[in-house]
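Text of data-v2.cif (mmCIF, C-alpha atoms) as supplied:
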data_target
loop_
_atom_site.label_atom_id
_atom_site.label_comp_id
_atom_site.auth_asym_id
_atom_site.auth_seq_id
_atom_site.Cartn_x
_atom_site.Cartn_y
_atom_site.Cartn_z
CA MET R 34 -2.94 -7.26 -62.54
CA ASN R 35 0.17 -5.73 -63.90
CA LEU R 36 3.58 -7.04 -63.05
CA ASN R 37 5.51 -4.58 -60.97
CA LEU R 38 7.85 -4.18 -58.03
CA THR R 39 5.62 -6.41 -55.92
CA LEU R 40 7.13 -9.34 -57.79
CA ILE R 41 10.59 -8.59 -56.43
CA GLY R 42 9.22 -7.78 -53.01
CA GLN R 43 7.42 -11.11 -52.88
CA ALA R 44 10.51 -12.97 -54.03
CA ILE R 45 12.57 -11.33 -51.29
CA ALA R 46 9.91 -12.03 -48.65
CA PHE R 47 9.76 -15.63 -49.83
CA ALA R 48 13.53 -16.00 -49.65
CA VAL R 49 13.63 -14.53 -46.15
CA PHE R 50 10.84 -16.81 -44.95
CA VAL R 51 12.52 -19.86 -46.40
CA TRP R 52 15.83 -18.86 -44.83
CA PHE R 53 14.20 -18.33 -41.45
CA CYS R 54 12.37 -21.62 -41.67
CA MET R 55 15.55 -23.45 -42.65
CA LYS R 56 17.58 -21.84 -39.90
CA TYR R 57 15.27 -21.59 -36.91
CA VAL R 58 12.22 -23.78 -37.42
CA TRP R 59 13.13 -26.97 -39.23
CA PRO R 60 16.25 -28.15 -37.32
CA PRO R 61 14.86 -27.96 -33.75
CA VAL R 62 11.56 -29.58 -34.68
CA MET R 63 13.30 -32.29 -36.65
CA GLN R 64 15.78 -32.89 -33.86
CA ALA R 65 13.00 -33.20 -31.31
CA LEU R 66 11.20 -35.64 -33.58
CA GLN R 67 14.27 -37.77 -34.07
CA GLU R 68 15.13 -37.75 -30.39
CA ARG R 69 11.60 -38.83 -29.51
CA GLN R 70 11.80 -41.54 -32.13
CA LYS R 71 15.00 -42.80 -30.56
CA LYS R 72 13.48 -42.62 -27.10
CA ILE R 73 10.49 -44.65 -28.18
CA ALA R 74 12.70 -47.20 -29.90
CA ASP R 75 14.80 -47.50 -26.73
CA GLY R 76 11.68 -47.91 -24.64
CA LEU R 77 10.36 -50.67 -26.88
CA ASP R 78 13.75 -52.34 -26.74
CA ALA R 79 13.79 -52.24 -22.96
CA ALA R 80 10.27 -53.61 -22.83
CA SER R 81 11.11 -56.57 -25.02
CA ARG R 82 14.26 -57.19 -23.01
CA ALA R 83 12.24 -57.16 -19.79
CA THR R 84 9.76 -59.62 -21.28
CA ARG R 85 12.61 -61.91 -22.20
CA ASP R 86 14.08 -61.62 -18.68
CA LEU R 87 10.71 -62.41 -17.20
CA GLU R 88 10.42 -65.52 -19.32
CA VAL R 89 13.85 -66.69 -18.21
CA ALA R 90 13.00 -66.06 -14.57
CA GLN R 91 9.73 -67.95 -14.88
CA GLU R 92 11.53 -70.88 -16.43
CA LYS R 93 14.04 -70.87 -13.63
CA ALA R 94 11.34 -70.75 -11.01
CA GLU R 95 9.55 -73.66 -12.61
CA GLU R 96 12.73 -75.68 -12.68
CA THR R 97 13.45 -74.98 -9.04
CA LEU R 98 9.93 -75.99 -8.13
CA ARG R 99 10.27 -79.22 -10.07
CA GLU R 100 13.60 -80.00 -8.41
CA SER R 101 12.28 -79.42 -4.94
CA LYS R 102 9.29 -81.59 -5.67
CA GLU R 103 11.60 -84.36 -6.75
CA GLN R 104 13.68 -83.92 -3.63
CA ALA R 105 10.63 -84.08 -1.43
CA GLN R 106 9.57 -87.27 -3.17
CA GLN R 107 13.00 -88.77 -2.58
CA ILE R 108 12.98 -87.85 1.07
CA LEU R 109 9.53 -89.33 1.47
CA GLU R 110 10.63 -92.59 -0.13
CA GLN R 111 13.70 -92.80 2.06
CA ALA R 112 11.63 -92.23 5.15
CA ASN R 113 9.19 -94.93 4.14
CA LYS R 114 12.00 -97.36 3.53
CA ARG R 115 13.59 -96.54 6.83
CA ALA R 116 10.28 -96.98 8.65
CA SER R 117 9.68 -100.43 7.17
CA GLN R 118 13.26 -101.34 8.03
CA ILE R 119 12.74 -100.36 11.64
CA VAL R 120 9.54 -102.36 11.81
CA GLU R 121 11.34 -105.37 10.37
CA GLU R 122 14.17 -105.03 12.88
CA ALA R 123 11.76 -104.75 15.78
CA ARG R 124 9.93 -107.87 14.64
CA GLU R 125 13.24 -109.73 14.39
CA THR R 126 14.26 -108.69 17.89
CA ALA R 127 10.91 -109.67 19.33
CA ARG R 128 11.08 -113.10 17.76
CA ALA R 129 14.60 -113.68 19.12
CA GLU R 130 13.51 -112.56 22.55
CA GLY R 131 10.52 -114.90 22.47
CA GLU R 132 12.66 -117.85 21.52
CA ARG R 133 15.11 -117.08 24.25
CA ILE R 134 12.29 -116.96 26.81
CA ILE R 135 10.86 -120.27 25.52
CA GLU R 136 14.31 -121.84 25.73
CA GLY R 137 14.76 -120.75 29.35
CA ALA R 138 11.34 -122.12 30.27
CA ARG R 139 12.07 -125.44 28.64
CA SER R 140 15.37 -125.93 30.48
CA GLU R 141 13.71 -125.09 33.77
CA ILE R 142 11.02 -127.62 33.05
CA ASP R 143 13.71 -130.25 32.38
CA GLN R 144 15.43 -129.48 35.66
CA GLU R 145 12.11 -129.83 37.49
CA ILE R 146 11.51 -133.19 35.87
CA ASN R 147 14.96 -134.47 36.87
CA ARG R 148 14.51 -133.34 40.43
CA ALA R 149 11.15 -135.04 40.61
CA LYS R 150 12.65 -138.24 39.23
CA GLU R 151 15.37 -138.20 41.96
CA GLU R 152 12.78 -137.76 44.66
CA LEU R 153 10.57 -140.45 43.21
CA ARG R 154 13.50 -142.85 43.05
CA ALA R 155 14.35 -142.35 46.72
CA GLN R 156 10.75 -142.74 47.82
CA VAL R 157 10.10 -145.81 45.56
CA SER R 158 12.97 -147.72 47.24
CA LEU R 159 11.65 -146.89 50.70
CA LEU R 160 8.11 -147.83 49.63
CA ALA R 161 9.26 -151.09 48.09
CA VAL R 162 11.22 -152.00 51.23
CA ALA R 163 8.29 -151.09 53.48
CA GLY R 164 5.83 -153.04 51.27
CA ALA R 165 8.06 -156.05 51.17
CA GLU R 166 8.65 -155.83 54.98
CA ARG R 167 4.86 -155.92 55.52
CA ILE R 168 4.31 -158.83 53.13
CA LEU R 169 7.21 -160.89 54.33
CA GLU R 170 7.29 -159.83 58.01
CA SER R 171 7.49 -163.22 59.52
CA SER R 172 9.00 -165.38 56.93
CA ILE R 173 11.88 -163.34 56.10
CA ASP R 174 14.93 -163.44 58.02
CA GLU R 175 16.36 -160.05 58.03
CA SER R 176 19.85 -161.15 58.11
CA LYS R 177 19.28 -163.82 55.43
CA HIS R 178 17.59 -161.55 52.95
CA ARG R 179 19.41 -158.25 53.61
CA GLU R 180 21.74 -158.99 50.83
CA LEU R 181 18.90 -159.47 48.31
CA VAL R 182 17.09 -156.28 49.30
CA ASP R 183 20.24 -154.19 49.08
CA LYS R 184 20.81 -155.62 45.65
CA LEU R 185 17.28 -154.60 44.61
CA ALA R 186 17.67 -151.09 46.03
CA ALA R 187 20.86 -150.61 44.13
CA GLU R 188 19.11 -151.52 40.90
CA LEU R 189 16.57 -148.65 41.25
CA MET B 239 -21.39 -2.99 -51.35
CA ALA B 240 -18.56 -0.65 -52.05
CA GLY B 241 -18.87 3.06 -52.67
CA ASN B 242 -22.06 4.91 -53.54
CA ASN B 243 -24.10 2.16 -55.16
CA PRO B 244 -21.70 1.23 -57.92
CA THR B 245 -22.74 -0.81 -60.93
CA SER B 246 -21.88 -4.50 -61.06
CA THR B 247 -18.93 -3.88 -63.33
CA GLU B 248 -17.56 -1.17 -61.07
CA TYR B 249 -18.05 -3.41 -58.04
CA ILE B 250 -16.14 -6.29 -59.59
CA GLN B 251 -13.38 -4.06 -60.93
CA HIS B 252 -13.08 -2.40 -57.57
CA HIS B 253 -12.60 -5.76 -55.91
CA LEU B 254 -10.00 -6.92 -58.38
CA GLN B 255 -7.83 -3.79 -58.10
CA ASN B 256 -4.84 -3.85 -55.78
CA MET B 257 -3.91 -0.98 -53.54
CA THR B 258 -0.98 0.31 -55.55
CA PHE B 259 1.71 2.64 -54.32
CA GLY B 260 4.13 3.91 -56.89
CA LEU B 261 5.74 6.66 -58.92
CA HIS B 262 3.07 8.24 -61.11
CA PRO B 263 4.35 10.42 -63.97
CA GLU B 264 2.10 13.30 -62.88
CA HIS B 265 1.32 12.80 -59.18
CA GLY B 266 4.72 11.56 -58.08
CA TRP B 267 4.93 8.89 -55.30
CA SER B 268 1.35 8.22 -54.31
CA LEU B 269 -1.39 5.65 -53.96
CA ALA B 270 -3.13 5.01 -57.26
CA HIS B 271 -6.68 6.39 -57.32
CA SER B 272 -7.83 4.21 -60.20
CA ALA B 273 -6.88 1.18 -62.22
CA GLN B 274 -5.67 3.49 -64.95
CA GLU B 275 -3.34 5.40 -62.65
CA ALA B 276 -1.95 2.09 -61.40
CA GLN B 277 -1.36 1.10 -65.00
CA GLU B 278 0.47 4.34 -65.70
CA MET B 279 2.86 3.75 -62.80
CA GLY B 280 4.41 0.91 -64.75
CA PHE B 281 6.91 -1.38 -63.09
CA TRP B 282 7.97 0.93 -60.27
CA ALA B 283 4.89 0.40 -58.18
CA ILE B 284 4.13 -1.90 -55.31
CA HIS B 285 0.92 -3.60 -54.25
CA VAL B 286 0.68 -2.56 -50.63
CA ASP B 287 -2.17 -4.93 -49.78
CA THR B 288 -0.46 -7.98 -51.31
CA MET B 289 2.79 -7.25 -49.52
CA LEU B 290 1.05 -6.54 -46.24
CA TRP B 291 -1.06 -9.66 -46.17
CA SER B 292 1.55 -12.03 -47.52
CA ILE B 293 4.26 -10.85 -45.14
CA GLY B 294 1.79 -10.72 -42.26
CA LEU B 295 0.66 -14.28 -42.91
CA GLY B 296 4.24 -15.44 -43.41
CA VAL B 297 5.14 -13.93 -40.05
CA VAL B 298 2.15 -15.65 -38.43
CA PHE B 299 3.27 -18.97 -39.88
CA LEU B 300 6.88 -18.56 -38.81
CA TYR B 301 5.91 -17.20 -35.39
CA LEU B 302 3.72 -20.23 -34.64
CA PHE B 303 6.30 -22.70 -35.87
CA ARG B 304 9.17 -20.90 -34.17
CA LEU B 305 7.20 -20.91 -30.91
CA VAL B 306 6.98 -24.67 -31.09
CA ALA B 307 10.55 -25.12 -32.34
CA LYS B 308 11.92 -23.14 -29.40
CA ARG B 309 10.31 -25.32 -26.75
CA ALA B 310 10.24 -28.53 -28.77
CA SER B 311 10.56 -31.36 -26.29
CA THR B 312 10.98 -35.08 -26.69
CA GLY B 313 8.18 -35.71 -24.22
CA VAL B 314 4.54 -36.21 -25.05
CA PRO B 315 3.59 -33.46 -27.53
CA THR B 316 0.49 -31.40 -26.88
CA GLY B 317 -1.74 -29.02 -28.80
CA LEU B 318 0.17 -26.78 -31.15
CA GLN B 319 3.28 -28.93 -31.03
CA ASN B 320 1.24 -31.87 -32.24
CA PHE B 321 -0.01 -29.89 -35.19
CA VAL B 322 3.41 -28.50 -36.09
CA GLU B 323 5.02 -31.93 -35.83
CA MET B 324 2.28 -33.38 -38.00
CA MET B 325 2.94 -30.76 -40.66
CA VAL B 326 6.69 -31.22 -40.45
CA GLU B 327 6.41 -35.00 -40.72
CA PHE B 328 3.97 -34.74 -43.60
CA VAL B 329 6.28 -32.42 -45.54
CA ASP B 330 9.34 -34.45 -44.59
CA GLY B 331 7.65 -37.62 -45.83
CA SER B 332 6.69 -36.00 -49.13
CA VAL B 333 10.22 -34.75 -49.65
CA ARG B 334 11.79 -38.09 -48.79
CA GLU B 335 9.50 -39.90 -51.21
CA THR B 336 10.31 -37.66 -54.14
CA PHE B 337 13.66 -35.99 -53.64
CA HIS B 338 16.45 -38.54 -53.41
CA GLY B 339 19.43 -36.21 -53.23
CA LYS B 340 20.73 -34.67 -50.06
CA SER B 341 19.79 -31.10 -49.35
CA ARG B 342 19.10 -29.15 -46.19
CA LEU B 343 17.09 -26.61 -48.14
CA ILE B 344 14.40 -28.64 -49.85
CA ALA B 345 12.37 -29.71 -46.83
CA PRO B 346 12.15 -26.30 -45.10
CA LEU B 347 11.49 -24.75 -48.49
CA SER B 348 8.60 -27.13 -49.06
CA LEU B 349 7.21 -26.50 -45.59
CA THR B 350 7.35 -22.75 -46.12
CA ILE B 351 5.69 -23.04 -49.52
CA PHE B 352 2.89 -25.25 -48.26
CA CYS B 353 2.07 -23.31 -45.12
CA TRP B 354 2.51 -19.86 -46.58
CA ILE B 355 0.43 -20.54 -49.69
CA PHE B 356 -2.21 -22.28 -47.59
CA LEU B 357 -2.51 -19.29 -45.28
CA MET B 358 -2.63 -16.83 -48.18
CA ASN B 359 -5.28 -18.94 -49.92
CA LEU B 360 -7.18 -19.17 -46.66
CA MET B 361 -7.86 -15.43 -46.82
CA ASP B 362 -10.18 -16.29 -49.69
CA LEU B 363 -12.66 -17.69 -47.17
CA VAL B 364 -13.05 -14.33 -45.42
CA PRO B 365 -16.22 -12.85 -46.95
CA VAL B 366 -15.15 -10.64 -49.83
CA ASP B 367 -16.50 -7.36 -48.48
CA PHE B 368 -15.37 -7.48 -44.85
CA LEU B 369 -11.77 -6.39 -45.08
CA PRO B 370 -12.09 -4.06 -48.13
CA MET B 371 -14.93 -2.18 -46.42
CA LEU B 372 -12.89 -1.93 -43.24
CA ALA B 373 -10.05 -0.51 -45.34
CA GLN B 374 -12.44 1.99 -46.91
CA LYS B 375 -13.66 3.13 -43.49
CA ILE B 376 -10.09 3.60 -42.31
CA GLY B 377 -9.25 5.32 -45.60
CA SER B 378 -12.13 7.75 -45.24
CA TRP B 379 -10.89 8.74 -41.77
CA PHE B 380 -7.70 9.82 -43.45
CA GLY B 381 -9.69 11.86 -45.93
CA ALA B 382 -9.60 9.49 -48.90
CA ASP B 383 -12.56 8.90 -51.18
CA PRO B 384 -13.86 5.39 -50.23
CA ALA B 385 -14.50 4.59 -53.89
CA HIS B 386 -10.80 5.02 -54.57
CA VAL B 387 -9.53 2.91 -51.70
CA TYR B 388 -8.68 -0.45 -53.22
CA PHE B 389 -7.95 -3.42 -51.05
CA LYS B 390 -7.41 -6.96 -52.23
CA VAL B 391 -7.11 -9.43 -49.40
CA VAL B 392 -5.92 -12.66 -51.03
CA PRO B 393 -2.25 -12.31 -52.01
CA THR B 394 -2.33 -15.40 -54.25
CA THR B 395 -4.84 -13.73 -56.55
CA ASP B 396 -2.04 -11.33 -57.45
CA VAL B 397 0.22 -12.65 -60.21
CA ASN B 398 3.13 -10.83 -58.63
CA ALA B 399 2.92 -13.00 -55.53
CA THR B 400 2.70 -16.28 -57.41
CA PHE B 401 5.41 -15.30 -59.88
CA GLY B 402 7.57 -14.08 -57.03
CA MET B 403 7.54 -17.60 -55.62
CA SER B 404 7.71 -19.53 -58.87
CA LEU B 405 10.63 -17.44 -60.17
CA SER B 406 12.48 -18.10 -56.93
CA VAL B 407 11.83 -21.79 -57.46
CA PHE B 408 13.00 -21.38 -61.07
CA ALA B 409 16.24 -19.85 -59.85
CA LEU B 410 16.67 -22.82 -57.51
CA ILE B 411 16.03 -25.22 -60.41
CA ILE B 412 18.84 -23.63 -62.40
CA PHE B 413 21.08 -23.51 -59.34
CA TYR B 414 20.55 -27.18 -58.54
CA SER B 415 20.99 -28.19 -62.19
CA ILE B 416 24.33 -26.42 -62.40
CA ARG B 417 25.44 -27.67 -58.99
CA SER B 418 24.81 -31.33 -59.81
CA LYS B 419 25.76 -31.35 -63.50
CA GLY B 420 28.06 -28.39 -63.87
CA VAL B 421 27.60 -25.56 -66.36
CA SER B 422 28.57 -27.74 -69.31
CA GLY B 423 26.25 -30.49 -68.16
CA PHE B 424 23.39 -28.04 -67.87
CA ILE B 425 24.05 -26.67 -71.35
CA ALA B 426 24.39 -30.18 -72.74
CA GLU B 427 21.06 -31.07 -71.19
CA LEU B 428 19.46 -28.09 -72.90
CA THR B 429 20.98 -28.73 -76.33
CA LEU B 430 21.65 -32.48 -76.77
CA HIS B 431 18.19 -33.76 -75.90
CA PRO B 432 15.71 -35.04 -76.87
CA PHE B 433 17.16 -35.52 -80.41
CA SER B 434 20.66 -36.92 -80.48
CA THR B 435 22.72 -38.69 -83.10
CA SER B 436 26.21 -40.05 -83.40
CA ASN B 437 26.79 -38.00 -86.57
CA LYS B 438 28.66 -34.82 -85.53
CA PHE B 439 27.29 -32.68 -88.33
CA ALA B 440 23.70 -33.74 -87.85
CA GLN B 441 24.09 -33.15 -84.13
CA ILE B 442 25.09 -29.54 -84.71
CA LEU B 443 22.02 -29.08 -86.88
CA LEU B 444 19.83 -30.54 -84.16
CA ILE B 445 21.13 -28.22 -81.43
CA PRO B 446 18.79 -25.29 -82.18
CA ILE B 447 15.76 -27.59 -82.31
CA ASN B 448 16.72 -29.24 -79.06
CA PHE B 449 17.37 -25.92 -77.42
CA LEU B 450 13.99 -24.59 -78.49
CA LEU B 451 12.18 -27.62 -77.09
CA GLU B 452 14.15 -27.76 -73.87
CA ALA B 453 13.88 -24.02 -73.27
CA VAL B 454 10.12 -24.21 -73.59
CA THR B 455 10.07 -27.17 -71.17
CA LEU B 456 12.23 -25.30 -68.72
CA LEU B 457 10.34 -22.02 -68.92
CA ALA B 458 6.99 -23.73 -68.74
CA LYS B 459 7.83 -24.89 -65.21
CA PRO B 460 7.73 -21.53 -63.39
CA VAL B 461 4.99 -20.18 -65.65
CA SER B 462 2.67 -23.12 -65.12
CA LEU B 463 3.52 -23.23 -61.43
CA SER B 464 2.50 -19.63 -60.82
CA LEU B 465 -0.38 -19.40 -63.28
CA ARG B 466 -1.99 -22.57 -61.93
CA LEU B 467 -2.11 -21.17 -58.43
CA PHE B 468 -3.07 -17.68 -59.60
CA GLY B 469 -5.76 -18.97 -61.96
CA ASN B 470 -7.41 -21.20 -59.38
CA LEU B 471 -7.51 -18.58 -56.70
CA TYR B 472 -8.44 -15.71 -59.03
CA ALA B 473 -11.36 -17.72 -60.40
CA GLY B 474 -12.45 -18.74 -56.91
CA GLU B 475 -12.26 -15.16 -55.72
CA LEU B 476 -14.23 -13.97 -58.73
CA ILE B 477 -17.00 -16.44 -57.99
CA PHE B 478 -17.11 -15.27 -54.38
CA ILE B 479 -17.48 -11.71 -55.68
CA LEU B 480 -20.25 -12.71 -58.08
CA ILE B 481 -22.05 -14.57 -55.30
CA ALA B 482 -21.71 -11.52 -53.07
CA MET B 483 -23.50 -9.38 -55.67
CA ILE B 484 -26.78 -11.23 -55.78
CA GLY B 485 -28.17 -9.96 -52.51
CA LEU B 486 -29.91 -12.14 -49.98
CA TRP B 487 -29.51 -15.36 -51.97
CA GLN B 488 -25.77 -15.23 -51.47
CA LEU B 489 -26.06 -17.05 -48.14
CA PRO B 490 -27.08 -20.51 -49.41
CA LEU B 491 -24.70 -20.12 -52.33
CA HIS B 492 -21.74 -18.78 -50.43
CA PHE B 493 -21.59 -21.68 -48.00
CA PRO B 494 -21.23 -24.62 -50.45
CA TRP B 495 -18.72 -22.69 -52.52
CA ALA B 496 -16.69 -21.89 -49.42
CA VAL B 497 -16.74 -25.55 -48.38
CA PHE B 498 -15.65 -26.58 -51.84
CA HIS B 499 -13.01 -23.89 -51.77
CA ILE B 500 -11.41 -25.37 -48.65
CA LEU B 501 -10.49 -28.31 -50.85
CA ILE B 502 -9.10 -26.05 -53.57
CA ILE B 503 -6.92 -23.93 -51.32
CA THR B 504 -5.38 -26.98 -49.65
CA LEU B 505 -4.94 -28.78 -52.92
CA GLN B 506 -3.30 -25.82 -54.63
CA ALA B 507 -0.87 -25.33 -51.76
CA PHE B 508 -0.04 -29.03 -51.89
CA ILE B 509 0.38 -29.04 -55.68
CA PHE B 510 2.72 -26.05 -55.57
CA MET B 511 4.81 -27.79 -52.92
CA MET B 512 4.87 -31.18 -54.65
CA LEU B 513 5.76 -29.71 -58.05
CA THR B 514 8.55 -27.69 -56.49
CA ILE B 515 10.00 -30.87 -55.00
CA VAL B 516 9.57 -32.75 -58.28
CA TYR B 517 11.21 -30.00 -60.35
CA LEU B 518 14.13 -29.76 -57.96
CA SER B 519 14.60 -33.52 -57.85
CA MET B 520 14.54 -33.57 -61.66
CA ALA B 521 17.16 -30.83 -61.66
CA THR B 522 19.48 -32.84 -59.40
CA GLU B 523 19.08 -36.16 -61.17
CA GLU B 524 21.62 -37.00 -63.84
CA GLN B 525 19.66 -37.59 -67.00
CA HIS B 526 16.03 -37.54 -67.96
#

Could I get this structure in the form of C-alpha cells?
Amino acid sequence: MNLNLTLIGQAIAFAVFVWFCMKYVWPPVMQALQERQKKIADGLDAASRATRDLEVAQEKAEETLRESKEQAQQILEQANKRASQIVEEARETARAEGERIIEGARSEIDQEINRAKEELRAQVSLLAVAGAERILESSIDESKHRELVDKLAAEL
Amino acid sequence: MAGNNPTSTEYIQHHLQNMTFGLHPEHGWSLAHSAQEAQEMGFWAIHVDTMLWSIGLGVVFLYLFRLVAKRASTGVPTGLQNFVEMMVEFVDGSVRETFHGKSRLIAPLSLTIFCWIFLMNLMDLVPVDFLPMLAQKIGSWFGADPAHVYFKVVPTTDVNATFGMSLSVFALIIFYSIRSKGVSGFIAELTLHPFSTSNKFAQILLIPINFLLEAVTLLAKPVSLSLRLFGNLYAGELIFILIAMIGLWQLPLHFPWAVFHILIITLQAFIFMMLTIVYLSMATEEQH
C-alpha cells in the first residue's frame, strides 16, 4: 500500500464525478422535487378552498330552506285567516237573509189579520141587524128605529 | 485459493497486493510481478484495479442518477426515481442541517461522496476470491503466471483512493476558508488562535505555538478522514480473507460478518460525507 500515481488519478476521477453530479444530476432532480412540492402545496390549497366553498354553499342552502319554510308558514296562516273570514262573512249574510225573510212573513201576517178584521166587521153588522130583526120583528117599527140601527152600525 | 497451494501468508499477501502498472527501473513500463517490484516502481505507478473499479462504480452511480435526472417528472415517482429522490432528499437534508452558507457545490459533492464510497465499500461483500480468481483466469489466457496476477477489488482498501478524496476535500477546505475570510483572515485564523493576548510582543511570541497547534488541527482533518475509511475497510477486508482461509467453516462465519459489514460500509460512507460537510461549514464560518 504505497502512495503513488493512483492518488492523483483518484483525485481527478473524484473531481470529474463531482463536477458531473453538480452539473447534470443534482439540478434536474432538485428542480423536479421542488416543482412537485409546489404542485402538492397548490393541490392542498385548492382542496382547502373547495372545502371552504362547500361550507359556504351548505350554509346558503340551509338559509334558503329556512326562509322558504317561513314563507310557507306565513302563506298557511294567511289562508287560514282568510278561510275563517269567509266563514264569518257567510254566517253574517245568512243571518241577515233570515231576518229579512222573517220580516216579510210578519208583515204579510199583519196584512192578513187586517183583512180578516175588515171582513169580520162587515159581517158582524149584517149579523147584528139580522139578529135584531128576528128578535124585534113585530115590535119594531122599521121607520121608527131605522135611525137607531144606523147609528149602531156606524159605531162598529 | 490462489495459485498453486500457497501458504497462508502468501495467500493474504496476494490478496492485499494491488495490480500495479508503472515504470520499473529494470523492466520499464510493465505490470508489477511482485510486491517488491511494485515497491521499486516508486511514485510513478498506478493501481489498475483500484482505478478500474472506482471509476467503473462512479460511472454506474452517475449513469443511474443521470438516467433519473433526465426524465425526472413532477408526477408520481416510481421505482428508481423514488430511490434517487430519497437519496437526494436525504443528502439535501443533511447538508441543510449542517452547512448554513450558500453553495451550489456542497450538496452534489456530498451526494457523490456518499454514493461513490458506498458503492466502492459494497464491493467488500463480494466473496474475496471470486473476482481475483476470475482475473487470474483471464491473466493466464494472456500468458501470465496466475500467482503473479494481483487483483484487489475494493478501491477503498487502497490508501490512494481514500487520500485522493480526502485531499480533494482538504483543498476545498482551504479554498472555502480563503473565499469566506480572505487570505489574511485564513492566516490570522492559523496564527492568532487559540492563544491570544492584547500585548503585541507576547502575541508575536505566541504565533509559532498557535501555528503549530492550528496546523496539526488542519492537517488532521484529511488524514483522519481518509485513514478512518481506509482502516475500517482494510480491517474488514482482512477479516473476510482470514475467514476465507479456514475451509468449510467459512460459511457460517462469513454470513454474520457480511451482515455486520453492511452496517460498516453504510456508516463509513455516511461519516465521510457528514465530516466533509462539517469541515466545509467550519471553513466558511467566521470564527471558531

| Residues in the PyMOL selection byres ((chain B) within 7 of (chain R)), expressed as a PyMOL selection string | chain B and resi 280-285+289+293+296+300+303-304+307+310-312+343+346-347+350+396-399+401-403+406

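If you count all atoms listed in the file and ignore residues fewer than 2 places along the chain from Asn256 (chain B), what sits within 6 Å of it is Thr258, His285, Tyr388, Phe389 and Lys390 of chain B.
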
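The two atoms in question, CA of Trp354 (chain B) and CA of Ile411 (chain B), are spaced 20.1 Å apart.
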
Here CA of Gly266 (chain B) and CA of Met279 (chain B) stand apart by 9.3 Å

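Interatomic distance, CA of Ala123 (chain R) against CA of Glu141 (chain R): 27.2 Å.
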
Identify, on the basis of only C-alpha atoms, every residue whose closest approach to Pro432 (chain B) does not exceed 10 Å; exclude the query and any residue fewer than 6 positions from it along the same chain; express the result as an MDAnalysis selection string. chainID B and resid 444:445 447:449 451:452 526

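Across the chains present, the PyMOL selection byres ((chain B and resi 416) around 12) applied to this file returns Ala409, Leu410, Ile411, Ile412, Phe413, Tyr414, Ser415, Arg417, Ser418, Lys419, Gly420, Val421, Ser422, Gly423, Phe424, Ile425, Ala426, Glu427, Leu428, Leu518, Ala521, Thr522, Glu523 and Glu524 of chain B.
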
Go ahead and write the selection's residues with C-alpha atoms as an mmCIF file, in the coordinates of the input.
data_model
loop_
_atom_site.group_PDB
_atom_site.id
_atom_site.type_symbol
_atom_site.label_atom_id
_atom_site.label_comp_id
_atom_site.auth_asym_id
_atom_site.auth_seq_id
_atom_site.Cartn_x
_atom_site.Cartn_y
_atom_site.Cartn_z
ATOM 1 C CA ALA B 409 16.240 -19.850 -59.850
ATOM 2 C CA LEU B 410 16.670 -22.820 -57.510
ATOM 3 C CA ILE B 411 16.030 -25.220 -60.410
ATOM 4 C CA ILE B 412 18.840 -23.630 -62.400
ATOM 5 C CA PHE B 413 21.080 -23.510 -59.340
ATOM 6 C CA TYR B 414 20.550 -27.180 -58.540
ATOM 7 C CA SER B 415 20.990 -28.190 -62.190
ATOM 8 C CA ARG B 417 25.440 -27.670 -58.990
ATOM 9 C CA SER B 418 24.810 -31.330 -59.810
ATOM 10 C CA LYS B 419 25.760 -31.350 -63.500
ATOM 11 C CA GLY B 420 28.060 -28.390 -63.870
ATOM 12 C CA VAL B 421 27.600 -25.560 -66.360
ATOM 13 C CA SER B 422 28.570 -27.740 -69.310
ATOM 14 C CA GLY B 423 26.250 -30.490 -68.160
ATOM 15 C CA PHE B 424 23.390 -28.040 -67.870
ATOM 16 C CA ILE B 425 24.050 -26.670 -71.350
ATOM 17 C CA ALA B 426 24.390 -30.180 -72.740
ATOM 18 C CA GLU B 427 21.060 -31.070 -71.190
ATOM 19 C CA LEU B 428 19.460 -28.090 -72.900
ATOM 20 C CA LEU B 518 14.130 -29.760 -57.960
ATOM 21 C CA ALA B 521 17.160 -30.830 -61.660
ATOM 22 C CA THR B 522 19.480 -32.840 -59.400
ATOM 23 C CA GLU B 523 19.080 -36.160 -61.170
ATOM 24 C CA GLU B 524 21.620 -37.000 -63.840
#

- Query: Got a sec to resolve the PyMOL selection byres ((chain B and resi 325) around 12) on this structure and send the residues as an NGL selection string?
  - Reply: (:R and (59 or 62-63 or 66)) or (:B and (299 or 303 or 318-324 or 326-332 or 345-346 or 348-350 or 352-353 or 508))

**Item:** region 247-251 of chain B surroundings by all atoms listed in the file, 12 Å radius, close-in-sequence under 2 positions cut, as a PyMOL selection string
**Value:** (chain R and resi 34) or (chain B and resi 239-245+253-256+272-274+366-367+370+385-386+388-390+475-484)

Write the residues of the preceding selection, restricted to C-alpha atoms, as a short mmCIF file (atom, residue, chain, number, x, y, z; two decimals), in the frame of the given file.
data_model
loop_
_atom_site.label_atom_id
_atom_site.label_comp_id
_atom_site.auth_asym_id
_atom_site.auth_seq_id
_atom_site.Cartn_x
_atom_site.Cartn_y
_atom_site.Cartn_z
CA MET R 34 -2.94 -7.26 -62.54
CA MET B 239 -21.39 -2.99 -51.35
CA ALA B 240 -18.56 -0.65 -52.05
CA GLY B 241 -18.87 3.06 -52.67
CA ASN B 242 -22.06 4.91 -53.54
CA ASN B 243 -24.10 2.16 -55.16
CA PRO B 244 -21.70 1.23 -57.92
CA THR B 245 -22.74 -0.81 -60.93
CA HIS B 253 -12.60 -5.76 -55.91
CA LEU B 254 -10.00 -6.92 -58.38
CA GLN B 255 -7.83 -3.79 -58.10
CA ASN B 256 -4.84 -3.85 -55.78
CA SER B 272 -7.83 4.21 -60.20
CA ALA B 273 -6.88 1.18 -62.22
CA GLN B 274 -5.67 3.49 -64.95
CA VAL B 366 -15.15 -10.64 -49.83
CA ASP B 367 -16.50 -7.36 -48.48
CA PRO B 370 -12.09 -4.06 -48.13
CA ALA B 385 -14.50 4.59 -53.89
CA HIS B 386 -10.80 5.02 -54.57
CA TYR B 388 -8.68 -0.45 -53.22
CA PHE B 389 -7.95 -3.42 -51.05
CA LYS B 390 -7.41 -6.96 -52.23
CA GLU B 475 -12.26 -15.16 -55.72
CA LEU B 476 -14.23 -13.97 -58.73
CA ILE B 477 -17.00 -16.44 -57.99
CA PHE B 478 -17.11 -15.27 -54.38
CA ILE B 479 -17.48 -11.71 -55.68
CA LEU B 480 -20.25 -12.71 -58.08
CA ILE B 481 -22.05 -14.57 -55.30
CA ALA B 482 -21.71 -11.52 -53.07
CA MET B 483 -23.50 -9.38 -55.67
CA ILE B 484 -26.78 -11.23 -55.78
#
